[in-house]
Structures are given as structure tokens and as C-alpha cells.
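J.: My structure file query-v1.csv, CSV, C-alpha atoms, is below:
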chain,number,residue,atom,x,y,z
A,296,MET,CA,0.0,0.0,0.0
A,297,ILE,CA,3.0,2.3,-0.1
A,298,LYS,CA,2.5,3.3,-3.8
A,299,PRO,CA,-1.1,4.4,-3.3
A,300,PHE,CA,0.0,6.5,-0.4
A,301,LEU,CA,2.7,8.1,-2.4
A,302,VAL,CA,0.2,8.8,-5.2
A,303,ALA,CA,-2.0,10.5,-2.7
A,304,VAL,CA,0.9,12.6,-1.4
A,305,GLN,CA,2.0,13.5,-4.9
A,306,PHE,CA,-1.5,14.6,-6.0
A,307,LEU,CA,-2.7,16.4,-2.9
A,308,THR,CA,0.5,18.1,-1.8
A,309,ARG,CA,3.7,19.6,-3.2
A,310,LEU,CA,5.9,17.5,-0.9
A,311,PRO,CA,8.8,16.0,-2.9
A,312,VAL,CA,7.6,12.5,-4.0
A,313,SER,CA,8.9,10.7,-7.0
A,314,LEU,CA,7.4,7.6,-8.6
A,315,SER,CA,9.5,5.4,-10.9
A,316,LEU,CA,6.5,4.7,-13.1
A,317,PRO,CA,3.1,6.4,-13.6
A,318,PRO,CA,0.5,4.7,-11.4
A,319,ASP,CA,-2.1,2.5,-13.0
A,320,GLU,CA,-5.8,3.1,-12.5
A,321,LYS,CA,-6.1,0.6,-9.6
A,322,THR,CA,-3.3,2.3,-7.7
A,323,VAL,CA,-4.9,5.7,-8.2
A,324,GLY,CA,-8.2,4.3,-6.9
A,325,TYR,CA,-6.5,2.8,-3.9
A,326,SER,CA,-4.9,6.2,-3.1
A,327,LEU,CA,-8.3,7.5,-2.1
A,328,PRO,CA,-8.4,6.0,1.4
A,329,PHE,CA,-5.2,7.9,2.2
A,330,TYR,CA,-6.7,11.3,1.6
A,331,PRO,CA,-7.6,11.8,5.3
A,332,LEU,CA,-4.1,10.8,6.3
A,333,ILE,CA,-2.7,13.5,3.9
A,334,GLY,CA,-4.9,16.0,5.7
A,335,LEU,CA,-3.4,14.9,8.9
A,336,ILE,CA,0.1,15.3,7.5
A,337,ILE,CA,-0.7,18.8,6.2
A,338,GLY,CA,-2.2,19.7,9.5
A,339,ALA,CA,0.8,18.5,11.5
A,340,LEU,CA,3.2,20.5,9.3
A,341,LEU,CA,1.0,23.6,9.7
A,342,ILE,CA,0.8,23.1,13.5
A,343,ALA,CA,4.6,22.8,13.6
A,344,LEU,CA,4.9,26.1,11.7
A,345,GLY,CA,2.4,27.7,14.1
A,346,TRP,CA,4.6,26.5,17.0
A,347,LEU,CA,7.7,28.1,15.4
A,348,LEU,CA,5.7,31.3,15.0
A,349,ARG,CA,4.4,31.3,18.5
A,350,ASP,CA,6.2,34.6,19.4
A,351,ALA,CA,5.3,36.3,16.1
A,352,PRO,CA,2.5,39.0,15.9
A,353,PRO,CA,-0.8,37.1,15.4
A,354,LEU,CA,-1.6,38.9,12.1
A,355,LEU,CA,1.8,38.0,10.6
A,356,ALA,CA,1.6,34.4,11.9
A,357,ALA,CA,-1.9,33.9,10.3
A,358,ALA,CA,-0.6,35.3,7.0
A,359,LEU,CA,2.4,33.0,7.1
A,360,LEU,CA,0.3,30.0,8.1
A,361,LEU,CA,-2.1,30.6,5.2
A,362,THR,CA,0.9,31.0,2.8
A,363,GLY,CA,2.4,27.8,4.0
A,364,TRP,CA,-1.0,26.1,3.7
A,365,THR,CA,-1.3,27.2,0.1
A,366,LEU,CA,2.2,26.3,-0.8
A,367,LEU,CA,1.8,22.8,0.7
A,368,THR,CA,-1.3,22.1,-1.5
A,369,GLY,CA,-0.1,24.0,-4.5
A,370,GLY,CA,-3.5,25.8,-4.6
A,371,LEU,CA,-5.0,22.7,-6.1
A,372,HIS,CA,-8.3,23.0,-4.4
A,373,LEU,CA,-8.5,26.7,-4.9
A,374,ASP,CA,-8.3,26.1,-8.6
A,375,GLY,CA,-11.3,23.7,-8.3
A,376,LEU,CA,-13.2,26.3,-6.3
A,377,ALA,CA,-12.6,29.0,-8.8
A,378,ASP,CA,-13.5,26.8,-11.8
A,379,SER,CA,-16.7,25.7,-10.0
A,380,ALA,CA,-17.7,29.3,-9.1
A,381,ASP,CA,-17.1,30.5,-12.7
A,382,ALA,CA,-19.0,27.5,-14.1
A,383,TRP,CA,-22.0,27.9,-11.8
A,384,VAL,CA,-22.4,31.6,-12.6
A,385,GLY,CA,-21.7,31.3,-16.3
A,386,GLY,CA,-23.5,28.1,-16.8
A,387,MET,CA,-26.8,29.7,-16.0
A,388,GLY,CA,-28.5,26.4,-15.1
A,389,ASP,CA,-27.3,24.4,-18.1
A,390,ALA,CA,-25.3,21.3,-17.3
A,391,LYS,CA,-23.4,21.1,-20.6
A,392,LYS,CA,-22.5,24.8,-20.5
A,393,THR,CA,-21.4,24.5,-16.8
A,394,LEU,CA,-19.1,21.5,-17.6
A,395,LEU,CA,-17.7,23.3,-20.6
A,396,ILE,CA,-16.9,26.5,-18.6
A,397,MET,CA,-15.3,24.4,-15.8
A,398,LYS,CA,-12.7,23.1,-18.3
A,399,ASP,CA,-11.7,26.7,-19.3
A,400,PRO,CA,-8.2,27.4,-17.8
A,401,ASN,CA,-9.0,31.1,-17.5
A,402,CYS,CA,-10.3,32.5,-14.2
A,403,GLY,CA,-13.3,34.8,-14.3
A,404,PRO,CA,-14.6,37.3,-11.8
A,405,ALA,CA,-16.7,34.7,-9.9
A,406,GLY,CA,-13.7,32.5,-9.5
A,407,VAL,CA,-11.5,35.4,-8.3
A,408,ALA,CA,-14.2,36.5,-5.8
A,409,ALA,CA,-14.6,32.9,-4.5
A,410,ILE,CA,-10.9,32.5,-3.9
A,411,MET,CA,-10.6,35.9,-2.2
A,412,LEU,CA,-13.6,35.3,0.1
A,413,VAL,CA,-12.3,31.8,1.2
A,414,MET,CA,-8.8,33.1,1.8
A,415,LEU,CA,-10.1,36.0,3.8
A,416,LEU,CA,-12.2,33.8,6.0
A,417,LYS,CA,-9.4,31.3,6.5
A,418,PHE,CA,-7.0,34.1,7.4
A,419,ALA,CA,-9.5,35.5,10.0
A,420,ALA,CA,-10.0,32.1,11.4
A,421,LEU,CA,-6.3,31.3,11.6
A,422,HIS,CA,-5.7,34.6,13.4
A,423,SER,CA,-8.3,33.7,16.1
A,424,LEU,CA,-7.0,30.1,16.4
A,425,PHE,CA,-3.4,31.3,16.7
A,426,ILE,CA,-4.4,33.7,19.5
A,427,ALA,CA,-6.3,30.9,21.3
A,428,GLN,CA,-3.6,28.3,20.4
A,429,GLU,CA,-6.4,25.9,19.5
A,430,TRP,CA,-4.5,23.9,16.8
A,431,ILE,CA,-6.7,20.8,17.0
A,432,ALA,CA,-9.4,22.7,15.1
A,433,LEU,CA,-7.1,23.2,12.2
A,434,LEU,CA,-6.3,19.5,12.2
A,435,CYS,CA,-10.0,18.6,12.3
A,436,ALA,CA,-10.7,20.9,9.3
A,437,LEU,CA,-8.0,19.4,7.1
A,438,VAL,CA,-8.9,15.8,8.0
A,439,LEU,CA,-12.7,16.1,7.8
A,440,ALA,CA,-12.5,17.9,4.4
A,441,ARG,CA,-10.6,15.1,2.8
A,442,THR,CA,-12.7,12.4,4.5
A,443,LEU,CA,-15.8,13.9,2.8
A,444,ILE,CA,-14.1,13.4,-0.6
A,445,LEU,CA,-14.3,9.7,0.1
A,446,LEU,CA,-18.0,10.1,0.9
A,447,LEU,CA,-18.5,12.2,-2.3
A,448,PHE,CA,-17.0,9.5,-4.5
A,449,LEU,CA,-18.9,6.8,-2.7
A,450,THR,CA,-22.3,8.4,-3.2
A,451,THR,CA,-22.1,10.7,-6.2
A,452,PRO,CA,-21.6,9.8,-9.9
A,453,TYR,CA,-18.5,11.1,-11.6
A,454,VAL,CA,-19.7,12.9,-14.8
A,455,ARG,CA,-16.4,13.1,-16.8
A,456,SER,CA,-15.6,10.2,-19.1
A,457,HIS,CA,-11.9,10.5,-18.4
A,458,GLY,CA,-9.6,11.8,-15.8
A,459,LEU,CA,-8.4,11.1,-12.3
A,460,GLY,CA,-11.9,11.0,-10.9
A,461,THR,CA,-12.8,8.1,-13.1
A,462,SER,CA,-10.1,6.0,-11.6
A,463,LEU,CA,-11.0,7.1,-8.1
A,464,THR,CA,-14.6,6.2,-8.6
A,465,MET,CA,-14.2,2.9,-10.5
A,466,HIS,CA,-11.3,1.4,-8.6
A,467,GLN,CA,-11.8,2.7,-5.0
A,468,PRO,CA,-12.0,0.1,-2.2
A,469,ARG,CA,-15.6,0.9,-1.3
A,470,LYS,CA,-15.9,-1.2,1.9
A,471,LEU,CA,-12.6,0.3,3.3
A,472,ASN,CA,-13.8,3.8,2.4
A,473,MET,CA,-17.1,3.3,4.1
A,474,VAL,CA,-15.3,2.2,7.3
A,475,ILE,CA,-13.0,5.3,7.1
A,476,VAL,CA,-15.9,7.7,6.6
A,477,THR,CA,-17.7,6.2,9.5
A,478,THR,CA,-14.9,6.0,12.0
A,479,ILE,CA,-12.9,9.2,11.5
A,480,PRO,CA,-15.6,11.5,13.0
A,481,LEU,CA,-15.9,9.1,16.0
A,482,LEU,CA,-12.1,9.1,16.5
A,483,MET,CA,-12.1,12.9,16.5
A,484,LEU,CA,-14.2,13.1,19.6
A,485,PRO,CA,-11.6,11.8,22.1
A,486,MET,CA,-8.9,13.7,20.1
A,487,ALA,CA,-10.6,17.1,19.9
A,488,GLY,CA,-12.7,16.8,23.0
A,489,LEU,CA,-16.4,17.6,23.7
A,490,ASN,CA,-15.8,21.3,23.0
A,491,TYR,CA,-15.5,20.5,19.3
A,492,PHE,CA,-18.4,18.0,19.2
A,493,TRP,CA,-20.1,20.1,16.5
A,494,LEU,CA,-17.3,20.3,14.0
A,495,PRO,CA,-18.3,17.1,12.1
A,496,LEU,CA,-21.8,18.7,11.7
A,497,ALA,CA,-20.1,21.9,10.4
A,498,ALA,CA,-18.5,19.7,7.8
A,499,ILE,CA,-21.5,17.5,6.8
A,500,VAL,CA,-23.9,20.5,6.3
A,501,PRO,CA,-21.9,22.1,3.5
A,502,PHE,CA,-21.3,18.6,2.0
A,503,LEU,CA,-25.0,17.9,1.7
A,504,LEU,CA,-25.8,21.4,0.3
A,505,LEU,CA,-22.9,21.3,-2.3
A,506,ARG,CA,-23.7,17.7,-3.3
A,507,LEU,CA,-27.3,18.7,-3.8
A,508,MET,CA,-26.2,21.6,-6.0
A,509,MET,CA,-23.9,19.3,-8.0
A,510,LEU,CA,-26.7,16.7,-8.6
A,511,ARG,CA,-29.2,19.4,-9.6
A,512,ARG,CA,-26.8,21.2,-12.0
A,513,ILE,CA,-24.4,18.6,-13.5
A,514,HIS,CA,-26.0,15.3,-12.2
A,515,GLY,CA,-22.8,14.3,-10.3
A,516,THR,CA,-19.3,15.5,-9.4
A,517,THR,CA,-16.1,16.4,-11.1
A,518,GLY,CA,-12.5,17.0,-9.9
A,519,ASP,CA,-13.2,20.7,-9.7
A,520,THR,CA,-16.3,20.4,-7.6
A,521,ALA,CA,-14.5,18.0,-5.3
A,522,GLY,CA,-11.8,20.6,-4.9
A,523,ALA,CA,-14.4,23.2,-4.1
A,524,LEU,CA,-15.9,20.9,-1.5
A,525,ILE,CA,-12.6,20.7,0.3
A,526,GLU,CA,-12.2,24.5,0.4
A,527,VAL,CA,-15.7,25.1,1.5
A,528,THR,CA,-15.5,22.4,4.2
A,529,GLU,CA,-12.2,23.6,5.6
A,530,THR,CA,-13.5,27.1,5.8
A,531,SER,CA,-16.8,26.0,7.4
A,532,VAL,CA,-15.1,23.9,10.1
A,533,LEU,CA,-12.5,26.6,10.9
A,534,LEU,CA,-15.3,29.2,11.3
A,535,ALA,CA,-17.4,26.9,13.5
A,536,ALA,CA,-14.3,26.2,15.7
A,537,VAL,CA,-13.8,30.0,16.2
A,538,LEU,CA,-17.4,30.4,17.2
A,539,LEU,CA,-17.2,27.5,19.6
A,540,ILE,CA,-14.0,29.0,21.2
A,541,LYS,CA,-15.9,32.3,21.6
A,542,ILE,CA,-18.9,30.6,23.2
A,543,ASN,CA,-16.8,28.4,25.5
A,544,HIS,CA,-14.7,31.3,26.7
Can the structure in the file be given as C-alpha cells, please?

T.:
Amino acid sequence: MIKPFLVAVQFLTRLPVSLSLPPDEKTVGYSLPFYPLIGLIIGALLIALGWLLRDAPPLLAAALLLTGWTLLTGGLHLDGLADSADAWVGGMGDAKKTLLIMKDPNCGPAGVAAIMLVMLLKFAALHSLFIAQEWIALLCALVLARTLILLLFLTTPYVRSHGLGTSLTMHQPRKLNMVIVTTIPLLMLPMAGLNYFWLPLAAIVPFLLLRLMMLRRIHGTTGDTAGALIEVTETSVLLAAVLLIKINH
């Protein structure tokens, strides 16, 4: 299972990973269960960066954390968010037009606005979490967002005829993914504590809404909408964590 793990690292991060040969479709499919683990690794690296910045001004620390976060992922999911936003606005309710716009490499005003809003909200949330030193919330956001990708590919048709998503959908270990999706939120309770009991709910609500939007508009999902799901889920969980910190203090 080392090669599927390396495939997941290579796709979801910019960490230096080299594969001797391009992975086959089954290996790509079996990389999907490792997505939550990749979230855990990214979270651990960001928490380490936060610890190194512990004496820095909170605004500067939040900016550097967000920069490190973006560099670690290569902006992959931001690209999906921008493409999805442009397609939803420009598609005007038409599935074929929406999918066509989504493939356009250019970024329109809706995409730019979506990226700016998500980055602004993440920056504000990181600022609050840095002041409170509540790093477990960041870890939960990263893991839950990537866990929901498993749920998305388990429950939602992939509408492209080719691409990475086809391999993930057709060759994923479905039973293993079902176990992972079920157990990770339960494992987070003892790790995060009762204070963050509501964070899985903050993740599943946007998942249900976005999945409904995908099914109504394009009758399934794409790689871009999956990336948008990750960005929206991370942001939602971070904001929920900040509100919980405010309430509990």
C-alpha cells in the first residue's frame, strides 16, 4: 500500500515525492483511502509552523500559516473552487455549459471572488486560532474535508468520461472507504474533546448542500467540484471552531 499512499501525497501536496512509473488506475483508486491521512500530515506541518511562529504577531503568523498552507497544497483545491464558481455563474443552469466552462483554464470574476472570500475567511479564522492556540481545530478541518471526498466518490456519480476522478470512482476500495468515513468523525471526539463536538456537523452540512447543487446542475461531481468541496468544508469547520471557542470562553 506504499505506492497508493505516495500517489495521494503527490496529488494532494507539493511535498517531494517521485514515482518510478506512472501509477495504474487501480493504484490511483486505492490512493483515495489515504486522503484523510494526507490531511493529517498537512495539519501536522502547519501546526509545527504555528509553534515556530508562537512569538510572532498574530496577524503575521496567520498570514504565514495561510501562505504555508497554500504552498503545501499548491493551490490545487483553490483552482477547483474558482473553476466551479465560474461555471455555476456562467452556466446559467445548463449542465453542458457548466461543464464546458469548468474546463476553461481562465479564471473569471466569480472564481476570483470565491478565492478571495475563502482566503479572507481562512485568514481571519487562523488569526483567532493562533491567539487561542487551538490547533486541534485546524487539524480537524483538514482531515474532515478530505474524509468527505471519500463520501463524495462513494455516493455521487463522476460525470467526466476520463480523468483522475474516473479511476478514483471505479477502482476505489468501497468497503474500506465506508469504514474510514464512519470511524474518522468518531475518532475525532476523544482527540478534539467535547468542545469540538459540533465540528463534524459543520463539515457535513456544506457537504449535503454542495452535493445537492452538483446533482441538480451537472448530475454528479467532477474533480473541480471535489476541490471546491474541500475548500468550503475547511472554511466552514474553521469558522465553526472559532465560534465555539468564543462561546466556551

J.: What's around region 376-393 of chain A at 6 Å? Count only C-alpha atoms, leave out sequence neighbours fewer than 6 positions away in its own chain, and write the answer as JSON, numbers by chain.

T.: {"A": [403, 405, 406, 512, 513, 520, 523]}

J.: What's around region 446-451 of chain A at 9 Å? Count all atoms listed in the file, leave out sequence neighbours fewer than 6 positions away in its own chain, and write the answer as a PyMOL selection string.

T.: chain A and resi 460+463-464+467+469+472-473+476+502+506+509-510+514-516+521

J.: Near Leu412 (chain A), counting all atoms listed in the file, which residues have an atom at most 12 Å away, once you skip same-chain residues fewer than 2 positions from it, shown as a ChimeraX atom specification?

T.: /A:373,376-377,380,405-410,414-419,526-527,530

J.: Between A:Leu327, A:Leu348, A:Leu354, A:Val413, which is the closest to Thr528 (chain A) once you count only C-alpha atoms?

T.: A:Val413

J.: If we count all atoms listed in the file, what is near Gln305 (chain A) at a cut-off of 12 Å, once residues fewer than 2 positions away on the same chain are taken out, given as a count of residues only?

T.: 25

J.: Identify which of the residues A:Gly518, A:Pro501, A:Pro485, A:Gly338 lies closest to His372 (chain A), counting only C-alpha atoms when measuring atom-to-atom distances.

T.: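 When distances to His372 (chain A) are compared using only C-alpha atoms, the smallest one comes from A:Gly518.
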
J.: Using Å and a single decimal, report how far CA of Leu443 (chain A) sits from CA of Leu316 (chain A).

T.: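 The value is 28.9 Å.
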
J.: I'd like the neighbourhood of Glu429 (chain A) as a ChimeraX atom specification, where a residue qualifies if any of its atoms comes within 10 Å (using all atoms listed in the file), though same-chain residues fewer than 6 positions away should be ignored.

T.: /A:342,421,423,487,536-537,540

J.: Go ahead and compute the interatomic distance for CA of Glu320 (chain A) and CA of Ser462 (chain A), in Å to one decimal.

T.: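 Computing it gives 5.3 Å between the two atoms.
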
J.: Can you tell me how far CA of Gly334 (chain A) sits from CA of Ala440 (chain A), in Å to one decimal?

T.: 7.9 Å

J.: Considering only C-alpha atoms, state which residue in the set A:Leu533, A:Leu366, A:Val304, A:Ala358 is at the smallest distance from Ala498 (chain A).

T.: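 Ranking A:Leu533, A:Leu366, A:Val304, A:Ala358 by distance to Ala498 (chain A), first place goes to A:Leu533.
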
J.: With all atoms listed in the file as the atoms that count, which of A:Leu359, A:Leu394, A:Pro400, A:Leu340 lies nearest to Ser456 (chain A)?

T.: A:Leu394

J.: Between A:Leu459, A:Leu344, A:Leu538, A:Leu496, single out the one closest to Ala357 (chain A), counting only C-alpha atoms.

T.: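 Among the listed residues, the smallest separation from Ala357 (chain A) belongs to A:Leu344.
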
J.: Considering only C-alpha atoms, state which residue in the set A:Pro495, A:Gly458, A:Gly375, A:Pro480 is at the smallest distance from Cys402 (chain A).

T.: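 Among the listed residues, the smallest separation from Cys402 (chain A) belongs to A:Gly375.
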
J.: Please, can region 311-334 of chain A be completed to N, CA and C atoms and returned as an mmCIF file, keeping the file's coordinate frame?

T.:
data_model
loop_
_atom_site.group_PDB
_atom_site.id
_atom_site.type_symbol
_atom_site.label_atom_id
_atom_site.label_comp_id
_atom_site.auth_asym_id
_atom_site.auth_seq_id
_atom_site.Cartn_x
_atom_site.Cartn_y
_atom_site.Cartn_z
ATOM 1 N N PRO A 311 7.980 16.652 -1.841
ATOM 2 C CA PRO A 311 8.800 16.000 -2.900
ATOM 3 C C PRO A 311 8.624 14.464 -2.856
ATOM 4 N N VAL A 312 7.870 13.964 -3.810
ATOM 5 C CA VAL A 312 7.600 12.500 -4.000
ATOM 6 C C VAL A 312 7.877 12.180 -5.431
ATOM 7 N N SER A 313 8.660 11.160 -5.659
ATOM 8 C CA SER A 313 8.900 10.700 -7.000
ATOM 9 C C SER A 313 8.527 9.263 -7.184
ATOM 10 N N LEU A 314 7.826 8.977 -8.269
ATOM 11 C CA LEU A 314 7.400 7.600 -8.600
ATOM 12 C C LEU A 314 8.185 7.150 -9.827
ATOM 13 N N SER A 315 8.689 5.938 -9.779
ATOM 14 C CA SER A 315 9.500 5.400 -10.900
ATOM 15 C C SER A 315 8.674 5.279 -12.167
ATOM 16 N N LEU A 316 7.377 4.920 -11.992
ATOM 17 C CA LEU A 316 6.500 4.700 -13.100
ATOM 18 C C LEU A 316 5.142 5.417 -12.840
ATOM 19 N N PRO A 317 4.452 5.891 -13.868
ATOM 20 C CA PRO A 317 3.100 6.400 -13.600
ATOM 21 C C PRO A 317 2.198 5.379 -13.036
ATOM 22 N N PRO A 318 1.364 5.745 -12.070
ATOM 23 C CA PRO A 318 0.500 4.700 -11.400
ATOM 24 C C PRO A 318 -0.595 4.258 -12.357
ATOM 25 N N ASP A 319 -0.975 2.992 -12.210
ATOM 26 C CA ASP A 319 -2.100 2.500 -13.000
ATOM 27 C C ASP A 319 -3.406 2.898 -12.320
ATOM 28 N N GLU A 320 -4.520 2.610 -12.966
ATOM 29 C CA GLU A 320 -5.800 3.100 -12.500
ATOM 30 C C GLU A 320 -6.184 2.491 -11.124
ATOM 31 N N LYS A 321 -5.827 1.234 -10.899
ATOM 32 C CA LYS A 321 -6.100 0.600 -9.600
ATOM 33 C C LYS A 321 -5.366 1.278 -8.478
ATOM 34 N N THR A 322 -4.102 1.606 -8.736
ATOM 35 C CA THR A 322 -3.300 2.300 -7.700
ATOM 36 C C THR A 322 -3.868 3.645 -7.401
ATOM 37 N N VAL A 323 -4.307 4.361 -8.444
ATOM 38 C CA VAL A 323 -4.900 5.700 -8.200
ATOM 39 C C VAL A 323 -6.195 5.510 -7.381
ATOM 40 N N GLY A 324 -7.017 4.507 -7.691
ATOM 41 C CA GLY A 324 -8.200 4.300 -6.900
ATOM 42 C C GLY A 324 -7.939 3.945 -5.469
ATOM 43 N N TYR A 325 -6.875 3.175 -5.245
ATOM 44 C CA TYR A 325 -6.500 2.800 -3.900
ATOM 45 C C TYR A 325 -5.782 3.896 -3.126
ATOM 46 N N SER A 326 -5.514 5.021 -3.811
ATOM 47 C CA SER A 326 -4.900 6.200 -3.100
ATOM 48 C C SER A 326 -5.992 6.942 -2.335
ATOM 49 N N LEU A 327 -7.257 6.772 -2.705
ATOM 50 C CA LEU A 327 -8.300 7.500 -2.100
ATOM 51 C C LEU A 327 -8.447 7.353 -0.575
ATOM 52 N N PRO A 328 -8.323 6.131 -0.038
ATOM 53 C CA PRO A 328 -8.400 6.000 1.400
ATOM 54 C C PRO A 328 -7.345 6.741 2.197
ATOM 55 N N PHE A 329 -6.275 7.142 1.519
ATOM 56 C CA PHE A 329 -5.200 7.900 2.200
ATOM 57 C C PHE A 329 -5.431 9.364 2.268
ATOM 58 N N TYR A 330 -6.501 9.848 1.653
ATOM 59 C CA TYR A 330 -6.700 11.300 1.600
ATOM 60 C C TYR A 330 -6.848 11.895 3.044
ATOM 61 N N PRO A 331 -7.607 11.276 3.971
ATOM 62 C CA PRO A 331 -7.600 11.800 5.300
ATOM 63 C C PRO A 331 -6.264 11.868 5.998
ATOM 64 N N LEU A 332 -5.449 10.863 5.731
ATOM 65 C CA LEU A 332 -4.100 10.800 6.300
ATOM 66 C C LEU A 332 -3.266 11.998 5.737
ATOM 67 N N ILE A 333 -3.454 12.327 4.463
ATOM 68 C CA ILE A 333 -2.700 13.500 3.900
ATOM 69 C C ILE A 333 -3.179 14.746 4.592
ATOM 70 N N GLY A 334 -4.470 14.846 4.893
ATOM 71 C CA GLY A 334 -4.900 16.000 5.700
ATOM 72 C C GLY A 334 -4.274 16.072 7.022
#
